[in-house]
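Below you'll find the structure, written out as structure tokens, and then a few comments.
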Amino acid sequence: MGTPLGDFIRAKRDSTQPESLGLPDRGRRRSPGLRRLDLAARAGISVEYLTRIEQGRDRNPSVAVMNALADALSLDPPERNHLRYLAKITGGECSAHTRPAPPRRDVRPSVLETLRLLEPGIAMVTNRLGDILAHTSGYESVTSGTGLLDAHTPNLTHYLFTDPRARTFFADWDDVADEQVFDLWLAPSIENSEWFTSELAPIASPDFTRRLNRHVVPQRGALRLNHPSGCELRLLRETLELSSDAQQLVVFLPADERTAQAVDQLRRLSPSRLRAIS
């Protein structure tokens, strides 16, 4: 049985072309990307040891080995952070026999007050699983008519993979889907990710599981939205980590004047108030 760490290393090896690392083309390969032999040689470890890591038979590689693999794969800083995180949770995975508890859903009063101060701006409080825990009226305005906030306990990840409207609303649906799936690995614990995916995976498309296992580190560029009213929005995102709560406060800012005007129009069309979900 594989591990998140092994899956990530294998996915990066498969997506790395030897030429990009200055290695010669060795002709036809049984699988795409970098040969296991070449990666092991670059990292200074044996092929057998690399195989054990990728197949999940070695769950506690040393920090030195992780750094060597990161160098060998030419990982960028976000990918290196993800590699270290996966090494941590892979080495400390808990028993699957106990059902993990769901993440907390309450938002601290001081955070809610911060949201009130941001009105009528576009902001929300979320966790790594995609639960939308509280939001401003501005956030409701730009998502009105999309179905995102229709559920009693709205969840962005669930919406992305189960509601057909999401593929129209998010102009760059593939990128946003990769972001949300990646964030499942950054949940308070791997147990919470497993709890959530056990609920979502049976009703989501196989694409969800595929994205979860390939560990694409997202770029998180401007968010492009196609509002049902016909407005096209481009929003920049600023994220404040609420680490003690395992939550995030996300503020969305118009990326251009056209978006700013469209947001003002949407606010006038659908006046609403701050909402906290518990």
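A note on labels: chains of the structure tokens are A, B, ... as shown, every chain counts residues from 1, and ligands are counted from 1 in their shown order.
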
Can you list, as a short mmCIF file (atom, residue, chain, number, x, y, z; two decimals) with all heavy atoms, in the first residue's frame, every protein, DNA or RNA residue that comes within 12 Å of range 110-118 of chain A when you count only C-alpha atoms, leaving out same-chain residues fewer than 6 positions away?
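Heads up, here's the output in part09.cif:
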```cif
data_model
loop_
_atom_site.label_atom_id
_atom_site.label_comp_id
_atom_site.auth_asym_id
_atom_site.auth_seq_id
_atom_site.Cartn_x
_atom_site.Cartn_y
_atom_site.Cartn_z
N MET A 124 -14.12 35.87 3.40
CA MET A 124 -14.73 34.69 4.02
C MET A 124 -13.72 34.04 4.96
O MET A 124 -12.51 34.28 4.87
CB MET A 124 -15.16 33.66 2.98
CG MET A 124 -14.00 32.99 2.25
SD MET A 124 -14.54 31.51 1.35
CE MET A 124 -12.98 31.01 0.57
N VAL A 125 -14.24 33.22 5.86
CA VAL A 125 -13.41 32.38 6.73
C VAL A 125 -13.66 30.94 6.31
O VAL A 125 -14.80 30.51 6.17
CB VAL A 125 -13.76 32.57 8.21
CG1 VAL A 125 -12.94 31.60 9.08
CG2 VAL A 125 -13.50 34.00 8.64
N THR A 126 -12.57 30.22 6.08
CA THR A 126 -12.68 28.84 5.63
C THR A 126 -11.66 27.99 6.36
O THR A 126 -10.82 28.51 7.10
CB THR A 126 -12.46 28.75 4.10
OG1 THR A 126 -12.66 27.41 3.65
CG2 THR A 126 -11.06 29.18 3.73
N LEU A 133 -17.10 28.97 6.64
CA LEU A 133 -17.58 29.09 8.01
C LEU A 133 -18.26 30.42 8.29
O LEU A 133 -19.10 30.52 9.16
CB LEU A 133 -16.41 28.89 8.98
CG LEU A 133 -15.62 27.59 8.77
CD1 LEU A 133 -14.43 27.55 9.71
CD2 LEU A 133 -16.51 26.38 8.98
N ALA A 134 -17.86 31.46 7.58
CA ALA A 134 -18.47 32.78 7.72
C ALA A 134 -18.08 33.59 6.50
O ALA A 134 -17.04 33.34 5.88
CB ALA A 134 -17.99 33.47 9.00
N HIS A 135 -18.90 34.58 6.16
CA HIS A 135 -18.58 35.39 4.99
C HIS A 135 -19.27 36.74 5.07
O HIS A 135 -20.26 36.91 5.79
CB HIS A 135 -18.99 34.68 3.69
CG HIS A 135 -20.45 34.34 3.60
ND1 HIS A 135 -21.41 35.28 3.27
CD2 HIS A 135 -21.10 33.19 3.79
CE1 HIS A 135 -22.60 34.70 3.26
NE2 HIS A 135 -22.44 33.43 3.58
N THR A 136 -18.75 37.70 4.34
CA THR A 136 -19.33 39.03 4.29
C THR A 136 -20.47 39.07 3.27
O THR A 136 -20.65 38.15 2.47
CB THR A 136 -18.28 40.06 3.89
OG1 THR A 136 -17.78 39.73 2.58
CG2 THR A 136 -17.13 40.10 4.87
N SER A 137 -21.19 40.16 3.29
CA SER A 137 -22.24 40.35 2.29
C SER A 137 -21.64 40.46 0.90
O SER A 137 -22.25 40.05 -0.09
CB SER A 137 -23.05 41.60 2.63
OG SER A 137 -22.22 42.76 2.59
N GLY A 138 -20.43 41.04 0.81
CA GLY A 138 -19.78 41.15 -0.49
C GLY A 138 -19.48 39.79 -1.09
O GLY A 138 -19.63 39.59 -2.30
N TYR A 139 -19.09 38.82 -0.26
CA TYR A 139 -18.83 37.48 -0.75
C TYR A 139 -20.12 36.84 -1.26
O TYR A 139 -20.13 36.17 -2.30
CB TYR A 139 -18.22 36.61 0.34
CG TYR A 139 -17.79 35.24 -0.14
CD1 TYR A 139 -16.59 35.07 -0.82
CD2 TYR A 139 -18.59 34.12 0.08
CE1 TYR A 139 -16.20 33.82 -1.28
CE2 TYR A 139 -18.20 32.87 -0.38
CZ TYR A 139 -17.01 32.73 -1.04
OH TYR A 139 -16.62 31.48 -1.51
N LEU A 240 -4.99 35.34 5.30
CA LEU A 240 -4.43 35.43 6.65
C LEU A 240 -4.64 34.09 7.33
O LEU A 240 -5.77 33.63 7.50
CB LEU A 240 -5.13 36.54 7.44
CG LEU A 240 -4.77 36.66 8.92
CD1 LEU A 240 -3.29 37.03 9.08
CD2 LEU A 240 -5.65 37.69 9.61
N GLU A 241 -3.53 33.44 7.71
CA GLU A 241 -3.62 32.15 8.38
C GLU A 241 -4.02 32.34 9.85
O GLU A 241 -3.38 33.09 10.58
CB GLU A 241 -2.27 31.42 8.30
CG GLU A 241 -1.84 31.03 6.90
CD GLU A 241 -2.65 29.86 6.35
OE1 GLU A 241 -3.34 29.17 7.14
OE2 GLU A 241 -2.55 29.61 5.13
N LEU A 242 -5.07 31.65 10.25
CA LEU A 242 -5.49 31.62 11.65
C LEU A 242 -5.04 30.27 12.21
O LEU A 242 -5.83 29.35 12.39
CB LEU A 242 -7.01 31.79 11.75
CG LEU A 242 -7.59 33.00 11.01
CD1 LEU A 242 -9.11 32.98 11.03
CD2 LEU A 242 -7.07 34.31 11.61
N SER A 244 -4.03 28.97 14.99
CA SER A 244 -4.54 28.36 16.22
C SER A 244 -5.90 27.73 16.02
O SER A 244 -6.30 26.84 16.78
CB SER A 244 -4.61 29.41 17.34
OG SER A 244 -5.50 30.46 16.98
N ASP A 245 -6.63 28.17 15.00
CA ASP A 245 -7.96 27.63 14.71
C ASP A 245 -7.96 26.69 13.51
O ASP A 245 -9.00 26.14 13.17
CB ASP A 245 -8.94 28.77 14.43
CG ASP A 245 -8.99 29.80 15.54
OD1 ASP A 245 -9.03 29.37 16.71
OD2 ASP A 245 -8.96 31.00 15.24
N GLN A 247 -7.79 27.64 10.51
CA GLN A 247 -8.69 28.31 9.58
C GLN A 247 -7.94 29.40 8.83
O GLN A 247 -6.78 29.72 9.15
CB GLN A 247 -9.88 28.90 10.33
CG GLN A 247 -10.76 27.86 11.00
CD GLN A 247 -11.79 28.47 11.93
OE1 GLN A 247 -11.87 29.69 12.10
NE2 GLN A 247 -12.58 27.61 12.55
N GLN A 248 -8.60 29.98 7.85
CA GLN A 248 -8.03 31.06 7.06
C GLN A 248 -9.06 32.16 6.86
O GLN A 248 -10.25 31.86 6.64
CB GLN A 248 -7.58 30.55 5.68
CG GLN A 248 -6.48 29.52 5.70
CD GLN A 248 -6.23 28.97 4.31
OE1 GLN A 248 -7.14 28.46 3.66
NE2 GLN A 248 -5.02 29.10 3.83
N LEU A 249 -8.61 33.39 6.91
CA LEU A 249 -9.42 34.54 6.52
C LEU A 249 -8.93 34.97 5.14
O LEU A 249 -7.76 35.34 4.97
CB LEU A 249 -9.25 35.69 7.52
CG LEU A 249 -9.88 37.03 7.13
CD1 LEU A 249 -11.39 36.90 6.94
CD2 LEU A 249 -9.56 38.09 8.17
N VAL A 250 -9.80 34.87 4.14
CA VAL A 250 -9.44 35.17 2.76
C VAL A 250 -10.18 36.43 2.32
O VAL A 250 -11.41 36.51 2.43
CB VAL A 250 -9.79 34.00 1.82
CG1 VAL A 250 -9.27 34.29 0.41
CG2 VAL A 250 -9.21 32.69 2.34
N VAL A 251 -9.42 37.41 1.84
CA VAL A 251 -9.99 38.66 1.34
C VAL A 251 -9.77 38.70 -0.17
O VAL A 251 -8.67 38.43 -0.67
CB VAL A 251 -9.33 39.88 2.01
CG1 VAL A 251 -9.95 41.17 1.48
CG2 VAL A 251 -9.46 39.80 3.52
N PHE A 252 -10.84 39.02 -0.90
CA PHE A 252 -10.79 39.08 -2.36
C PHE A 252 -10.84 40.54 -2.81
O PHE A 252 -11.73 41.30 -2.39
CB PHE A 252 -11.97 38.32 -2.97
CG PHE A 252 -12.04 36.87 -2.56
CD1 PHE A 252 -12.62 36.50 -1.35
CD2 PHE A 252 -11.53 35.88 -3.38
CE1 PHE A 252 -12.68 35.17 -0.97
CE2 PHE A 252 -11.60 34.55 -3.01
CZ PHE A 252 -12.18 34.20 -1.81
N LEU A 253 -9.89 40.93 -3.66
CA LEU A 253 -9.79 42.31 -4.11
C LEU A 253 -9.94 42.37 -5.63
O LEU A 253 -9.34 41.56 -6.34
CB LEU A 253 -8.44 42.89 -3.71
CG LEU A 253 -8.07 42.82 -2.22
CD1 LEU A 253 -6.62 43.18 -2.02
CD2 LEU A 253 -8.99 43.73 -1.42
N ARG A 273 -26.29 40.51 4.51
CA ARG A 273 -25.53 40.80 5.71
C ARG A 273 -24.49 39.71 5.98
O ARG A 273 -24.53 38.64 5.39
CB ARG A 273 -26.48 40.91 6.90
CG ARG A 273 -27.42 42.11 6.84
CD ARG A 273 -28.29 42.18 8.07
NE ARG A 273 -29.19 41.05 8.18
CZ ARG A 273 -30.03 40.85 9.19
NH1 ARG A 273 -30.07 41.72 10.18
NH2 ARG A 273 -30.81 39.80 9.21
N LEU A 274 -23.59 40.04 6.91
CA LEU A 274 -22.58 39.08 7.34
C LEU A 274 -23.28 37.82 7.81
O LEU A 274 -24.30 37.85 8.49
CB LEU A 274 -21.76 39.69 8.48
CG LEU A 274 -20.71 38.79 9.13
CD1 LEU A 274 -19.51 38.70 8.22
CD2 LEU A 274 -20.31 39.33 10.49
N ARG A 275 -22.70 36.67 7.46
CA ARG A 275 -23.28 35.40 7.87
C ARG A 275 -22.21 34.52 8.47
O ARG A 275 -21.15 34.34 7.90
CB ARG A 275 -23.91 34.68 6.67
CG ARG A 275 -24.55 33.34 7.06
CD ARG A 275 -25.04 32.59 5.85
NE ARG A 275 -25.64 31.32 6.22
CZ ARG A 275 -25.90 30.33 5.37
NH1 ARG A 275 -25.63 30.47 4.09
NH2 ARG A 275 -26.46 29.20 5.80
N ALA A 276 -22.48 34.01 9.67
CA ALA A 276 -21.62 33.01 10.31
C ALA A 276 -22.36 31.69 10.31
O ALA A 276 -23.54 31.62 10.65
CB ALA A 276 -21.27 33.43 11.73
N ILE A 277 -21.67 30.63 9.92
CA ILE A 277 -22.29 29.31 9.82
C ILE A 277 -21.73 28.45 10.94
O ILE A 277 -20.52 28.36 11.12
CB ILE A 277 -21.96 28.68 8.45
CG1 ILE A 277 -22.49 29.59 7.34
CG2 ILE A 277 -22.55 27.28 8.33
CD1 ILE A 277 -21.91 29.29 5.98
#
```

Would you mind listing what lies within 12 Å of Leu75 in chain A as a ChimeraX atom specification, with only C-alpha atoms counted and same-chain residues fewer than 3 positions away left out? /A:8-9,12-13,15-16,21,66-72,78-84,216-217

Atomic distance CA of Ser62 in chain A - CA of Gly91 in chain A, expressed in Å with one decimal: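 According to the coordinates, CA of Ser62 in chain A and CA of Gly91 in chain A are separated by 10.4 Å.
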
Please identify which residues in range 60-154 of chain A DSSP calls strand (DSSP E) from the backbone, and express them as a list of chain:residue names. A:Ile122, A:Ala123, A:Met124, A:Val125, A:Thr126, A:Asn127, A:Ile132, A:Leu133, A:Ala134, A:His135

Nearest-residue call for Glu119 in chain A, choices A:Arg36, A:Asn155, A:Arg267, A:Ala64, using only C-alpha atoms: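 Of A:Arg36, A:Asn155, A:Arg267, A:Ala64, the one nearest Glu119 in chain A is A:Arg267, counting only C-alpha atoms.
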
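For the choices A:Ala123, A:Ala246, A:Leu50, A:Leu23, the atom-to-atom distance to Arg10 in chain A is smallest for A:Leu50 when using only C-alpha atoms.
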
For Leu223 in chain A, please output as a PyMOL selection string all residues within 9 Å (counting only C-alpha atoms; exclusion window: fewer than 5 positions along the same chain). chain A and resi 170-172+176+233-237+252

Please list as JSON, numbers by chain every residue within 10 Å of Asp174 in chain A, counting only C-alpha atoms and excluding residues in the same chain fewer than 4 positions away. {"A": [160, 167, 170, 178, 179, 211]}

Could you go through range 84-231 of chain A and tell me which residues DSSP, when run on the backbone, assigns to alpha helix (DSSP H), listing them as a count of residues only? 69

Residues near Tyr85 in chain A, anyone? I mean within 10 Å using only C-alpha atoms, not counting same-chain ones fewer than 6 positions away, as a ChimeraX atom specification. /A:4-5,79,185-186

When you draw a straight line from CA of Leu184 in chain A to CA of Asn127 in chain A, how long is it in Å?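 Pair CA of Leu184 in chain A / CA of Asn127 in chain A returns 9.3 Å.
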
Env of Ala151 in chain A: 12 Å cut, atoms = only C-alpha atoms, seq-sep filter 3 positions within chain, self excluded. Answer as a list in words. Asp131, Ile132, Leu133, Thr146, Gly147, Leu148, Pro154, Asn155, Leu156, His158, Tyr159, Asp163 and Ile277 of chain A

In Å, with one decimal, what is the gap from CA of His215 in chain A to CA of Glu232 in chain A? 29.6 Å

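With only C-alpha atoms as the atoms that count, the residue of A:Phe208, A:Gly145, A:Phe169, A:Arg220 with the shortest distance to Thr157 in chain A is A:Phe208.
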
Proximity to Arg52 in chain A - best of A:Leu86, A:Val181, A:Ala40, A:Val142, only C-alpha atoms: A:Ala40
